[in-house]
Amino acid sequence: MRTSIKAILLLALANFFVACSSDDDNRTIDPEPTPDPGSEVVELTGEVTEDTTLEAATEYILAGPLTVKDGVTLTIEAGTTIEAKSGRTDVFLAVERGAKLMAKGTAAAPIRFTSDAASPEAGDWGGIVLAGKAPSNKGTDVESEVAGVLYGGTDAADNSGELSYVIAEYTGAKINNEQEFNGISFFGVGSGTVVNNIVVNNGADDGIEFFGGTVNVTNVYCSNIADDMFDWTEGYQGTITNAFGVRNNGFDMATEDPRGIEGDSNSNDPTAAPISTPTLNNVTILNLNQTVALKAGAEIRRGTDATINNILFAAYREASFENRIDTKDDNGDGAVTLTEAYSQGNVGADKDGSTIEGTITEIGDGIVISDNNTVEGKAGVGADLAAFAWANPTFVVTQTDGVVVEEPELQGTITEDTKLVSTVEYSLAGPLTVKEGATLTIEAGTTIKAVSGRTDVFLAVERGAKLIAVGTAAAPIRFTSDATSPAAGDWGGIVLAGKAPSNKGTDVESEVAGVLYGGTDAADNSGELSYVIAEYTGAKINNEQEFNGISFFGVGSGTVVNNIVVNNGADDGIEFFGGTVNVTNVYCSNIADDMFDWTEGYQGTIDNAFGVRNDGFDMATEDPRGIEGDSNSNDPTAAPISMPTLNNVTILNLNPDVALTAGAEIRRGTVATIDNILFAAYGTASFGNRIDTKDSNGDGELTLSNAFAQGNVGVDKDGSTITGTITEITDGITVTANNSVTAKAGVGADLAAFDWASPSFMVTMQ
């Protein structure tokens, strides 16, 4: 039999009313306006000792601790709102082990726990605490750190009720440095409990935390959390599916170490059973706040062994993470196994204490900011943001794109934040330089046509400036020639400068565009290039000065570069002059000199690189190569030494009339590592040498794994050390018809990654 709150709570709970003492650690609160005299307001505090229902038609004030006792069920109707007395540390809802909370809202009528303050803020009240009989590695009768309820046991399938379509906001009241409420805390809660579609907004401690237990959670959204968005400890073994966590710009409340995920098992004994072995599926950790960095996207430690499938770590613009993943801890390392993991923006590096298994792919479009305060997530990458539409999630983010350029002609200097938009077809009519401190943003789908036949037409980004050129697969950004019959060398190219180290010095002038580069900041951020095409580049100033398609001068690892294409270049495709920037998915076709080139101590990673010379593209320098890797031609021992890592690379020659001098020339002090590379020449096309590490200005060293050769790619010229074997194959590249090329999966680059750019091949089937 259901007992109405109207009939019982006014009498039963009145006996347990807890008055607010005058010396509570309270903050001054502006009271809400006086309720309508005709409305019914019920204060909640004390103990619930018999089955009780809160009804949606009644206004409730949570005025103190409200505890549902063992054996009792508290039911909350869909659409109910409970306002907590603000500024107090003793206002919370606790559900004892053996009790149940049945809080079943709907998408149209969620249940909301909020603050009664006129200007609410994180920490106004405690939060929701559920206790159960599922295992904890702290024991079977453990007292919760807040609310003082016992939890733990041996019943992994224990049932503490149901939470569906529940919102908890302005939680996290702090009792002392060791005791602070989370939005929702699950102490030893078992898998018989149903938890789905829950939201925690504006929390002064964690969003949700699991202390042992086995409860599974589906669709959980945490925003503006001062500490950790998602947290577990004490042997938690449940599954979390579809979790979205975000720190908005302007939410600056933070502990000393705010994180997206904090996963512990036991800080005193990381081997204590049960060990935390949670599974997380479809997760997004997003930082939009440019002044508060997340300490880590995921800190997995103290014995935890976690599995995460489909996660996105993302930081927008100046927002950042200190570490992407951290498994190192003095009280015991952790381990995490990843599948379908992605990162976007300045999310830091991994700190591997034990094991981080799986690869993380850098992307540029997992999160898209289409307008101020508007966030869109890419389908299939991380959490499904649409699942939280019922809660009307709000974002605070400013594009800060600056002045929109509506005039089509571009040249001169950019001294303030500026934006180019896709609705204008721009003409690059001369040198365009983004000055230190300014940001140039280029909208997805924008086309910039360079005036052809000139050597002074280029885009340069100074050290300390930024280029934010974020296209999409459907709407890439294109730099091209304005010529009726365009050709390689029609214009200069794109030049980025940064503050990362070069072995030429800290204030080096670039060989083209005349910008300074170099420094000591390996993590320097020059912006983002994603889904960008540069074609008909390489204007030649003289025999010593010639533009590449895209040149990276001392560019740091904080810069995001992925999905870039250079077609028809009169010098190199891309070249790195020192720096540490990493590049994922780069395609270079019809390059007169070197497809991929580095020098001056480059130490980044190039992942998935496809280079091809088509039949009929006969423009060539005297020594065109697939890869040219130098360190320093004057002093091959100069620090830093070029030590790049290349993964998944194809160098392909389809032109029978122009041989590549080498597939890879590694020299002048370079120490390179290449995993999974294919050197291929089709038909009568050829290479002079497959690999060449011999040079009069200093030899190079190359370590190979998973290396393959196909066709007449020449022999190796070993000047120093070539470590690893190369397997000859015949099916790495297949010409299925005239002008049609397919690549074997797992051998060299993944050609399908460039479908968005519609790569074209010129080859006659033989």
# chains A, B, ... in the order shown; residues from 1 in each chain; ligands from 1
>>> residues_around(residues="Tyr151 in chain A", least_positions_apart="5", cutoff="12 Å", atoms="only C-alpha atoms", output="ChimeraX atom specification")
/A:70,94-99,129-146,158,160,185-190,210-213,234
>>> residues_around(residues="range 665-667 of chain A", least_positions_apart="3", cutoff="9 Å", atoms="only C-alpha atoms", output="JSON, numbers by chain")
{"A": [625, 626, 627, 628, 629, 630, 631, 632, 633, 636, 661, 662, 670, 671, 672, 689, 690, 691, 692, 693, 694, 695, 697, 698, 699, 700, 701, 702, 719, 720]}
>>> closest_residue(among="A:Asn712, A:Glu509, A:Phe388, A:Ile363", to="Val583 in chain A", atoms="only C-alpha atoms")
A:Ile363
>>> closest_residue(among="A:Thr106, A:Thr284, A:Asn542, A:Thr337", to="Cys222 in chain A", atoms="only C-alpha atoms")
A:Thr284
>>> residues_around(residues="Val397 in chain A", least_positions_apart="3", cutoff="6 Å", atoms="only C-alpha atoms", output="number ranges by chain")
A: 249, 372-373
>>> write_last_selection(atoms="C-alpha atoms", output="tab-separated table (two decimals), in the first residue's frame")
chain	number	residue	atom	x	y	z
A	249	ASN	CA	34.31	28.10	-19.82
A	372	ASN	CA	28.93	30.42	-29.33
A	373	ASN	CA	27.65	28.10	-26.58
>>> closest_atom_pairs(of="range 526-610 of chain A", to="range 316-320 of chain A", cutoff="12 Å", atoms="only C-alpha atoms", output="JSON lines")
{"residue": "A:Ser526", "atom": "CA", "partner": "A:Arg317", "partner_atom": "CA", "distance": 10.4}
{"residue": "A:Gly527", "atom": "CA", "partner": "A:Arg317", "partner_atom": "CA", "distance": 7.6}
{"residue": "A:Glu528", "atom": "CA", "partner": "A:Arg317", "partner_atom": "CA", "distance": 8.7}
{"residue": "A:Gly558", "atom": "CA", "partner": "A:Ser320", "partner_atom": "CA", "distance": 9.3}
{"residue": "A:Thr559", "atom": "CA", "partner": "A:Arg317", "partner_atom": "CA", "distance": 10.2}
{"residue": "A:Val560", "atom": "CA", "partner": "A:Arg317", "partner_atom": "CA", "distance": 10.3}
>>> select_by_dssp(residues="range 525-700 of chain A", states="strand (DSSP E)", output="ChimeraX atom specification")
/A:527-537,540-542,545-546,550-553,560-569,574-577,582-591,594-599,605-613,625-629,645-653,660-666,671-681,687-692
>>> atom_distance(atom1="CA of Ile651 in chain A", atom2="CA of Ala638 in chain A")
28.8 Å
